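Novice: Hey, dropping query_36.txt in here, compact mmCIF, C-alpha atoms:
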# COMPACT_ATOMS: atom_id res chain seq x y z
CA MET A 1 8.51 -19.75 -47.59
CA LYS A 2 9.98 -19.02 -44.14
CA CYS A 3 8.67 -20.25 -40.86
CA LEU A 4 9.79 -19.84 -37.24
CA LYS A 5 9.76 -22.30 -34.38
CA LEU A 6 10.09 -21.68 -30.65
CA PHE A 7 12.96 -23.63 -29.12
CA THR A 8 14.83 -23.94 -25.86
CA PRO A 9 17.88 -26.14 -25.15
CA VAL A 10 15.83 -28.31 -22.75
CA VAL A 11 12.24 -28.34 -23.94
CA GLN A 12 11.23 -28.49 -27.57
CA HIS A 13 7.74 -27.10 -28.19
CA GLN A 14 5.18 -28.19 -30.77
CA SER A 15 6.70 -29.57 -33.93
CA LYS A 16 4.61 -27.46 -36.27
CA CYS A 17 6.29 -24.41 -37.72
CA LEU A 18 4.72 -21.14 -36.63
CA GLN A 19 4.46 -18.50 -39.32
CA ALA A 20 5.02 -15.49 -37.08
CA LYS A 21 7.35 -12.59 -36.98
CA LYS A 22 7.97 -12.63 -33.21
CA PHE A 23 9.38 -15.67 -31.53
CA ILE A 24 11.74 -14.72 -28.70
CA SER A 25 10.75 -13.55 -25.25
CA PHE A 26 14.00 -12.01 -24.02
CA PRO A 27 14.93 -12.97 -20.48
CA PHE A 28 16.19 -10.04 -18.42
CA ASP A 29 16.58 -8.84 -14.86
CA LEU A 30 12.82 -8.75 -14.27
CA LYS A 31 12.54 -12.51 -14.67
CA LYS A 32 8.96 -12.59 -13.38
CA GLU A 33 7.79 -9.86 -15.74
CA GLU A 34 5.05 -11.31 -17.89
CA ARG A 35 2.27 -9.84 -19.94
CA GLY A 36 -0.07 -7.88 -17.68
CA ARG A 37 1.90 -8.61 -14.48
CA THR A 38 3.37 -5.96 -12.21
CA HIS A 39 6.89 -6.39 -10.89
CA LYS A 40 8.49 -4.39 -8.09
CA PHE A 41 12.00 -3.04 -8.41
CA ASN A 42 14.67 -2.76 -5.74
CA TYR A 43 15.75 0.82 -5.23
CA PRO A 44 19.32 1.39 -3.98
CA GLU A 45 20.11 3.86 -1.24
CA SER A 46 22.60 5.76 -3.40
CA THR A 47 21.76 9.36 -4.20
CA GLU A 48 23.93 9.40 -7.29
CA GLN A 49 23.04 8.36 -10.80
CA ASN A 50 24.34 4.86 -11.44
CA THR A 51 24.32 3.02 -14.73
CA SER A 52 25.11 -0.67 -14.97
CA GLN A 53 25.43 -2.68 -18.14
CA ARG A 54 25.28 -6.42 -18.46
CA LYS A 55 25.75 -8.53 -21.59
CA LYS A 56 23.91 -11.79 -21.94
CA THR A 57 23.91 -14.41 -24.68
CA TYR A 58 20.69 -15.69 -26.19
CA LEU A 59 19.72 -17.93 -29.06
CA LYS A 60 17.99 -16.60 -32.13
CA ILE A 61 16.31 -19.21 -34.25
CA ALA A 62 15.64 -18.99 -37.94
CA ALA A 63 13.97 -21.69 -39.98
CA ASN A 64 13.45 -22.39 -43.65
CA MET A 65 10.61 -24.42 -45.12
CA THR A 66 12.04 -26.90 -47.60
CA SER A 67 10.06 -29.81 -49.01
CA GLY A 68 7.51 -29.62 -46.24
CA GLY A 69 10.13 -29.72 -43.49
CA CYS A 70 11.81 -27.17 -41.20
CA VAL A 71 15.55 -26.62 -41.13
CA PHE A 72 16.68 -24.74 -38.02
CA VAL A 73 19.69 -22.47 -37.78
CA LEU A 74 20.84 -21.27 -34.35
CA LEU A 75 22.27 -17.75 -34.37
CA SER A 76 24.02 -16.31 -31.33
CA VAL A 77 23.00 -12.75 -30.49
CA PHE A 78 23.93 -10.41 -27.67
CA HIS A 79 21.43 -8.50 -25.59
CA VAL A 80 22.47 -5.40 -23.68
CA SER A 81 20.65 -4.47 -20.49
CA LEU A 82 20.94 -1.04 -18.85
CA SER A 83 19.76 0.04 -15.42
CA VAL A 84 19.79 3.80 -14.80
CA GLU A 85 19.21 5.42 -11.39
CA LEU A 86 17.77 8.96 -11.53
CA THR A 87 17.63 10.97 -8.30
CA GLY A 88 17.26 14.59 -9.43
CA LEU A 89 14.24 16.79 -8.76
CA TYR A 90 13.52 16.73 -12.49
CA GLY A 91 14.91 15.23 -15.67
CA ASN A 92 14.10 13.59 -18.96
CA LEU A 93 14.57 10.19 -20.56
CA THR A 94 14.56 9.12 -24.18
CA SER A 95 14.87 5.97 -26.21
CA PRO A 96 18.38 5.20 -27.49
CA ASN A 97 19.46 7.35 -30.47
CA PHE A 98 16.40 9.62 -30.12
CA PRO A 99 15.14 11.23 -32.36
CA GLU A 100 16.65 8.61 -34.68
CA PRO A 101 15.13 5.10 -34.76
CA TYR A 102 15.86 3.06 -31.66
CA PRO A 103 17.91 -0.16 -31.94
CA ASP A 104 16.50 -3.66 -31.83
CA ASN A 105 17.00 -6.07 -29.00
CA THR A 106 17.33 -3.51 -26.22
CA LEU A 107 16.21 -3.29 -22.61
CA ILE A 108 16.64 -0.21 -20.42
CA VAL A 109 15.19 0.39 -16.96
CA TRP A 110 15.11 3.88 -15.42
CA ASN A 111 14.54 3.87 -11.65
CA ILE A 112 13.43 7.36 -10.57
CA THR A 113 13.68 8.37 -6.90
CA VAL A 114 12.75 11.82 -5.61
CA PRO A 115 12.97 13.12 -2.02
CA PRO A 116 10.63 11.69 0.65
CA GLY A 117 7.34 13.56 0.90
CA HIS A 118 7.30 14.00 -2.89
CA ARG A 119 5.95 11.94 -5.75
CA VAL A 120 7.04 11.45 -9.35
CA LYS A 121 5.11 13.13 -12.15
CA LEU A 122 5.83 11.64 -15.60
CA TYR A 123 4.55 12.66 -19.05
CA PHE A 124 5.53 11.98 -22.67
CA THR A 125 6.16 14.60 -25.36
CA HIS A 126 6.91 12.18 -28.21
CA PHE A 127 5.92 8.55 -28.74
CA SER A 128 6.57 6.32 -31.76
CA MET A 129 6.99 2.58 -31.15
CA GLU A 130 5.95 -0.60 -32.87
CA ALA A 131 2.28 -1.40 -32.26
CA SER A 132 1.15 -4.90 -31.23
CA ASN A 133 -1.65 -6.64 -29.41
CA LEU A 134 -1.29 -5.95 -25.67
CA CYS A 135 2.05 -4.28 -26.49
CA GLU A 136 3.90 -7.59 -26.40
CA TYR A 137 6.67 -6.66 -28.87
CA ASP A 138 8.19 -3.21 -28.26
CA TYR A 139 6.84 -1.25 -25.34
CA ILE A 140 7.27 1.24 -22.53
CA GLN A 141 6.11 0.04 -19.13
CA VAL A 142 5.64 2.37 -16.15
CA LEU A 143 5.63 0.88 -12.67
CA ALA A 144 4.74 2.90 -9.59
CA GLU A 145 5.21 1.28 -6.20
CA GLY A 146 1.92 0.31 -4.57
CA ASN A 147 -0.09 1.76 -7.45
CA TYR A 148 -0.18 0.22 -10.91
CA SER A 149 1.64 -0.96 -14.00
CA MET A 150 0.95 0.69 -17.36
CA ARG A 151 2.24 -0.50 -20.73
CA PHE A 152 2.34 1.65 -23.88
CA CYS A 153 3.18 1.09 -27.55
CA GLY A 154 2.11 2.31 -30.98
CA GLU A 155 2.41 5.64 -32.76
CA GLU A 156 1.00 8.88 -31.43
CA GLU A 157 0.65 10.34 -34.94
CA LYS A 158 -1.70 7.49 -35.85
CA ASN A 159 -3.77 8.02 -32.69
CA ASP A 160 -3.15 4.48 -31.50
CA GLU A 161 -5.13 3.84 -28.33
CA SER A 162 -2.16 2.13 -26.71
CA THR A 163 -0.01 5.29 -26.73
CA PRO A 164 0.19 7.48 -23.62
CA ARG A 165 -1.04 10.57 -25.52
CA ASN A 166 -1.68 13.31 -22.94
CA THR A 167 -1.58 11.00 -19.93
CA VAL A 168 0.12 12.41 -16.83
CA ILE A 169 1.31 9.59 -14.56
CA LEU A 170 1.69 10.19 -10.82
CA SER A 171 3.31 7.77 -8.39
CA THR A 172 1.84 7.20 -4.93
CA ASP A 173 5.21 7.62 -3.21
CA ASN A 174 8.65 8.93 -4.17
CA ARG A 175 9.59 6.16 -6.61
CA MET A 176 8.76 5.13 -10.16
CA SER A 177 10.33 2.83 -12.74
CA VAL A 178 10.18 3.11 -16.53
CA VAL A 179 11.05 0.11 -18.71
CA PHE A 180 11.94 0.37 -22.42
CA ARG A 181 12.05 -2.87 -24.37
CA SER A 182 12.48 -3.60 -28.07
CA ASP A 183 12.43 -7.04 -29.64
CA TYR A 184 14.74 -8.50 -32.26
CA SER A 185 13.42 -6.69 -35.35
CA ASN A 186 11.13 -3.98 -36.72
CA GLU A 187 9.61 -3.81 -40.18
CA GLU A 188 9.40 0.00 -39.99
CA ARG A 189 11.56 2.75 -38.52
CA PHE A 190 10.19 3.98 -35.18
CA THR A 191 11.74 7.00 -33.51
CA GLY A 192 11.01 5.96 -29.92
CA PHE A 193 9.96 8.27 -27.13
CA GLN A 194 10.81 11.33 -25.10
CA ALA A 195 9.51 11.75 -21.55
CA PHE A 196 10.00 14.23 -18.72
CA TYR A 197 9.66 13.74 -15.00
CA THR A 198 9.51 16.18 -12.12
CA SER A 199 9.29 15.95 -8.35
CA GLU A 200 5.92 17.09 -7.02
CA ASP A 201 5.09 17.74 -3.38
CA ILE A 202 2.51 15.34 -1.95
CA ASN A 203 -0.32 17.16 -0.23
CA GLU A 204 -0.81 14.58 2.50
CA CYS A 205 -3.66 16.60 4.00
CA ARG A 206 -5.59 16.11 0.78
CA ASP A 207 -4.27 12.86 -0.65
CA ILE A 208 -3.77 10.48 2.28
CA VAL A 209 -6.86 8.38 2.83
CA HIS A 210 -6.83 6.60 6.17
CA GLN A 211 -10.39 6.40 7.46
CA GLY A 212 -10.29 10.09 8.28
CA GLY A 213 -7.34 11.59 6.48
CA ALA A 214 -3.81 12.25 7.56
CA CYS A 215 -4.79 13.91 10.86
CA ASP A 216 -7.64 13.56 13.32
CA GLN A 217 -8.43 17.26 13.53
CA PHE A 218 -6.13 19.81 11.84
CA CYS A 219 -3.65 19.00 9.06
CA HIS A 220 -0.92 21.41 7.91
CA ASN A 221 0.95 20.68 4.68
CA TYR A 222 4.44 21.97 3.85
CA ILE A 223 6.94 21.18 1.10
CA GLY A 224 8.11 17.62 1.70
CA GLY A 225 5.78 16.75 4.57
CA TYR A 226 2.93 17.67 6.92
CA TYR A 227 2.07 17.89 10.61
CA CYS A 228 -1.08 17.60 12.74
CA SER A 229 -2.51 19.72 15.56
CA CYS A 230 -5.53 19.50 17.86
CA ARG A 231 -8.33 21.64 19.24
CA PRO A 232 -8.01 23.10 22.75
CA GLY A 233 -8.54 20.44 25.38
CA TYR A 234 -6.98 17.72 23.25
CA VAL A 235 -3.38 16.57 23.06
CA LEU A 236 -1.53 15.10 20.11
CA HIS A 237 -0.80 11.41 20.59
CA LEU A 238 2.70 10.01 20.20
CA ASN A 239 1.66 8.68 16.78
CA ARG A 240 1.67 12.38 15.69
CA ARG A 241 -1.76 11.96 14.06
CA SER A 242 -4.43 11.22 16.67
CA CYS A 243 -5.94 13.83 18.98
CA THR A 244 -6.85 12.39 22.35
CA VAL A 245 -7.60 13.61 25.86
CA PRO A 246 -5.93 12.70 29.12
CA CYS A 247 -7.81 10.10 31.12
CA PRO A 248 -6.63 10.49 34.72
CA SER A 249 -6.98 7.42 36.88
CA GLN A 250 -9.75 7.60 39.48
CA VAL A 251 -10.09 5.73 42.78
CA LEU A 252 -13.75 5.65 43.83
CA THR A 253 -14.38 4.90 47.52
CA ASN A 254 -18.00 5.95 47.94
CA LEU A 255 -20.56 3.20 48.39
CA SER A 256 -22.17 4.16 45.05
CA GLY A 257 -21.22 6.23 42.04
CA LEU A 258 -20.86 6.57 38.27
CA LEU A 259 -18.08 5.91 35.77
CA THR A 260 -18.19 6.87 32.08
CA SER A 261 -16.00 6.96 29.03
CA PRO A 262 -14.55 10.44 28.30
CA GLY A 263 -17.17 12.76 26.81
CA TYR A 264 -20.06 10.29 27.20
CA PRO A 265 -22.54 10.19 25.48
CA SER A 266 -20.57 12.05 22.81
CA PRO A 267 -18.07 9.90 20.89
CA TYR A 268 -15.02 9.04 22.95
CA PRO A 269 -11.61 10.19 21.63
CA PRO A 270 -9.15 7.87 19.91
CA MET A 271 -6.12 6.31 21.60
CA ILE A 272 -7.70 6.48 25.09
CA HIS A 273 -6.16 4.51 27.97
CA CYS A 274 -8.32 4.75 31.10
CA ASN A 275 -7.70 2.88 34.36
CA HIS A 276 -10.08 3.31 37.30
CA THR A 277 -10.50 1.54 40.63
CA ILE A 278 -13.58 1.03 42.78
CA ARG A 279 -12.51 0.33 46.35
CA LEU A 280 -15.06 -0.26 49.14
CA PRO A 281 -14.65 -0.85 52.89
CA GLU A 282 -14.40 -4.32 54.38
CA GLY A 283 -17.68 -6.18 54.43
CA TYR A 284 -19.00 -4.71 51.16
CA ARG A 285 -19.33 -6.16 47.67
CA ILE A 286 -19.61 -4.29 44.36
CA ILE A 287 -22.60 -4.44 41.97
CA LEU A 288 -22.10 -3.04 38.45
CA GLU A 289 -24.96 -1.92 36.19
CA PHE A 290 -24.27 -0.94 32.54
CA ILE A 291 -26.48 1.93 31.38
CA GLU A 292 -27.75 2.45 27.81
CA PRO A 293 -26.67 3.69 25.36
CA PHE A 294 -23.76 1.27 25.39
CA ASP A 295 -21.67 1.73 22.22
CA ILE A 296 -18.07 0.48 21.92
CA GLU A 297 -16.51 -0.32 18.55
CA GLY A 298 -16.57 -4.06 17.95
CA HIS A 299 -16.32 -6.68 15.22
CA PRO A 300 -18.88 -9.34 14.20
CA ASP A 301 -16.32 -12.15 13.97
CA THR A 302 -13.57 -11.26 16.45
CA LEU A 303 -13.91 -10.45 20.14
CA CYS A 304 -13.25 -6.74 20.67
CA PRO A 305 -10.19 -6.31 18.38
CA TYR A 306 -10.43 -2.50 18.35
CA ASP A 307 -11.84 -0.90 21.50
CA LEU A 308 -12.68 -2.69 24.76
CA LEU A 309 -13.93 -2.34 28.30
CA LYS A 310 -12.64 -4.82 30.88
CA ILE A 311 -13.39 -5.40 34.57
CA SER A 312 -10.93 -7.31 36.74
CA THR A 313 -10.47 -8.33 40.36
CA SER A 314 -7.77 -10.25 42.15
CA HIS A 315 -9.72 -13.46 41.52
CA ARG A 316 -11.48 -13.02 38.17
CA ASP A 317 -11.70 -11.04 34.94
CA TYR A 318 -14.95 -9.91 33.29
CA GLY A 319 -15.02 -9.11 29.58
CA PRO A 320 -13.71 -7.70 27.38
CA PHE A 321 -16.94 -5.94 26.44
CA CYS A 322 -17.77 -4.08 23.21
CA GLY A 323 -20.58 -3.69 20.69
CA SER A 324 -23.98 -2.08 21.19
CA THR A 325 -25.56 -4.46 23.73
CA PRO A 326 -24.82 -3.66 27.39
CA PRO A 327 -23.61 -6.58 29.52
CA ASP A 328 -25.80 -7.99 32.29
CA ASN A 329 -25.36 -6.67 35.80
CA ILE A 330 -22.27 -8.02 37.53
CA GLN A 331 -22.07 -8.76 41.26
CA ILE A 332 -18.42 -8.88 42.21
CA GLU A 333 -17.45 -11.00 45.21
CA SER A 334 -14.76 -8.55 46.15
CA LEU A 335 -14.42 -5.14 47.74
CA GLN A 336 -12.18 -3.87 44.91
CA ALA A 337 -12.50 -3.85 41.11
CA HIS A 338 -10.41 -2.36 38.31
CA VAL A 339 -12.09 -0.82 35.24
CA ALA A 340 -9.93 -0.51 32.12
CA PHE A 341 -10.92 1.06 28.81
CA ARG A 342 -8.90 1.19 25.58
CA SER A 343 -9.64 2.72 22.18
CA ASP A 344 -7.71 2.61 18.91
CA SER A 345 -7.11 5.40 16.39
CA ARG A 346 -10.44 5.10 14.57
CA GLY A 347 -14.15 5.09 15.26
CA LYS A 348 -16.95 7.43 16.35
CA ASN A 349 -18.72 5.42 19.05
CA LYS A 350 -20.61 6.92 21.99
CA GLY A 351 -18.98 4.92 24.75
CA TRP A 352 -20.30 3.54 28.05
CA LYS A 353 -21.67 4.40 31.49
CA ILE A 354 -21.45 2.25 34.61
CA LYS A 355 -23.51 2.75 37.74
CA TYR A 356 -22.08 0.94 40.73
CA THR A 357 -23.70 0.22 44.07
CA SER A 358 -22.62 -1.77 47.10
CA LEU A 359 -23.91 -4.68 49.11
CA ASN A 360 -23.16 -4.96 52.84
CA VAL A 361 -22.52 -8.67 53.32
CA THR A 362 -21.94 -8.34 57.10
CA SER A 363 -25.56 -7.32 57.62
CA LEU A 364 -26.88 -10.43 56.00
CA VAL A 365 -28.38 -12.83 58.55
CA VAL A 366 -27.78 -16.49 57.92
CA ILE A 367 -30.55 -18.69 59.40
CA LYS A 368 -29.52 -22.23 60.07
CA THR A 369 -32.15 -24.97 60.08
What is this file in structure tokens?
Specialist:
Amino acid sequence: MKCLKLFTPVVQHQSKCLQAKKFISFPFDLKKEERGRTHKFNYPESTEQNTSQRKKTYLKIAANMTSGGCVFVLLSVFHVSLSVELTGLYGNLTSPNFPEPYPDNTLIVWNITVPPGHRVKLYFTHFSMEASNLCEYDYIQVLAEGNYSMRFCGEEEKNDESTPRNTVILSTDNRMSVVFRSDYSNEERFTGFQAFYTSEDINECRDIVHQGGACDQFCHNYIGGYYCSCRPGYVLHLNRRSCTVPCPSQVLTNLSGLLTSPGYPSPYPPMIHCNHTIRLPEGYRIILEFIEPFDIEGHPDTLCPYDLLKISTSHRDYGPFCGSTPPDNIQIESLQAHVAFRSDSRGKNKGWKIKYTSLNVTSLVVIKT
């Protein structure tokens, strides 16, 4: 009767012999790759196909049960690791020796990179690999940056649930990695896999989800990219996505007047930077009254991290203000005040309206007693 025992040169595991076929977890370049864990690859800048091969030495352990004890024999084996860089608009990849059975003890990583503005589309036309629980023995693993990790094994002809079958895999950006791994032995002959990939244009106008899509107003897709445009009266912000309106600075010198956010009470545009000044003659002071509805994007836990309204003088700052509750009236002990308003790239809030009046302090009579 044969039995196998896990062993490392430093730590010896439980002394009982484990009657199991699989006993080596091959170390390889993805050292943090474990069952069910996603690992990110580094993608080189090269536009050529590069293949690197590294040989590493591992220990294979066999054990015989004799008279109730285990006798261990250490066998030196060599593991070959391949890393293949694919940069074409389309291509295919297969297991080694396909359509013949693939070799044992093999690791290959294909890193696929297509042009920016495109994504990788991958599908399998043949799949025959050793089946196991959670695909822990032989497997294909597909990793797409910022998306997911999928692991496949089993035989398509047997309708194993762990095979890719008719699955079409799409990356979220222009990169994808495919890992092929076989362990030290197979009881049957498995013919491996054949897969094809192609570069597919990303329709950013349809696929990008940012709180409102790729563009504020109009989105135009083309092969390899997209651009935004705006309705008449709006201008495209430097971020090339947001549509905003100019907010010319005003200097108000009348003894009373109104100030509002652009478009009030309709939602104010994104990426607004408004700077206004109220400037009165000597002997006057400014009184500010905030009119309802008052609606500036805010946050329940942080003070005005998105949009804000701020009042400042040479001696004091008031605010920032945001949310849906208008501030109390402010009497400013100065003849000049600056009103600043900022908005970010998101939100559909109605804005604000300020009514200002003046107080003539020289006409006040001070009665001494």
Novice: What does the distance between CA of Gln141 in chain A and CA of Phe180 in chain A come to in Å, to one decimal place?
Specialist: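 Between these atoms lies a distance of 6.7 Å.
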Novice: Using all atoms listed in the file, what does the table of range 103-148 of chain A residues within 6 Å of range 81-86 of chain A look like, with each row giving the shortest atom pair and its distance in Å to one decimal, sorted by chain and ascending number, as JSON lines?
Specialist:
{"residue": "A:Leu107", "atom": "CA", "partner": "A:Ser81", "partner_atom": "CA", "distance": 5.1}
{"residue": "A:Ile108", "atom": "CA", "partner": "A:Leu82", "partner_atom": "CA", "distance": 4.7}
{"residue": "A:Val109", "atom": "CA", "partner": "A:Ser83", "partner_atom": "CA", "distance": 4.8}
{"residue": "A:Trp110", "atom": "CA", "partner": "A:Val84", "partner_atom": "CA", "distance": 4.7}
{"residue": "A:Asn111", "atom": "CA", "partner": "A:Glu85", "partner_atom": "CA", "distance": 4.9}
{"residue": "A:Ile112", "atom": "CA", "partner": "A:Leu86", "partner_atom": "CA", "distance": 4.7}
Novice: Using all atoms listed in the file, which of the listed residues (A:Asn360, A:Ser256, A:Ser334, A:Thr198) sits closest to Gly283 in chain A?
Specialist: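 Counting all atoms listed in the file, the residue closest to Gly283 in chain A is A:Asn360.
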Novice: Looking at A:Gly91, A:Pro96, A:Pro101, A:Pro269, which one is nearest to Lys121 in chain A, with distances taken over all atoms listed in the file?
Specialist: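 Checking each of A:Gly91, A:Pro96, A:Pro101, A:Pro269 against Lys121 in chain A, counting all atoms listed in the file, the winner is A:Gly91.
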Novice: By how many Å are CA of Cys274 in chain A and CA of Leu308 in chain A apart?
Specialist: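 Computed distance, CA of Cys274 in chain A to CA of Leu308 in chain A, equals 10.7 Å.
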Novice: Place a sphere of radius 7 Å on (-25.9, 1.0, 39.2) in the file coordinates and name every protein, DNA or RNA residue with an atom inside or on its surface, counting all atoms listed in the file; give the answer as a PyMOL selection string.
Specialist: chain A and resi 287-289+354-357
Novice: Pick out the residues sitting within 10 Å of Leu309 in chain A, and hand them over as a ChimeraX atom specification; count all atoms listed in the file, and ignore anything fewer than 3 positions along from it in its own chain.
Specialist: /A:261,274,296,304,318-322,339-343,351-352
Novice: Which polymer residues have any atom within 10 Å of an atom of Pro270 in chain A, counting all atoms listed in the file, with same-chain residues fewer than 6 positions away left out, as a PyMOL selection string?
Specialist: chain A and resi 216+237+242-245+307+342-349
Novice: For CA of Ser95 in chain A and CA of Glu187 in chain A, quote the distance in Å rounded to one decimal.
Specialist: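 It comes out at 17.8 Å.
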Novice: Between A:Thr302, A:Thr163, A:Asn105, A:Ser177, which one has atoms that come closest to Thr87 in chain A, using all atoms listed in the file?
Specialist: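 Residue with the minimum atom-to-atom distance to Thr87 in chain A: A:Ser177.
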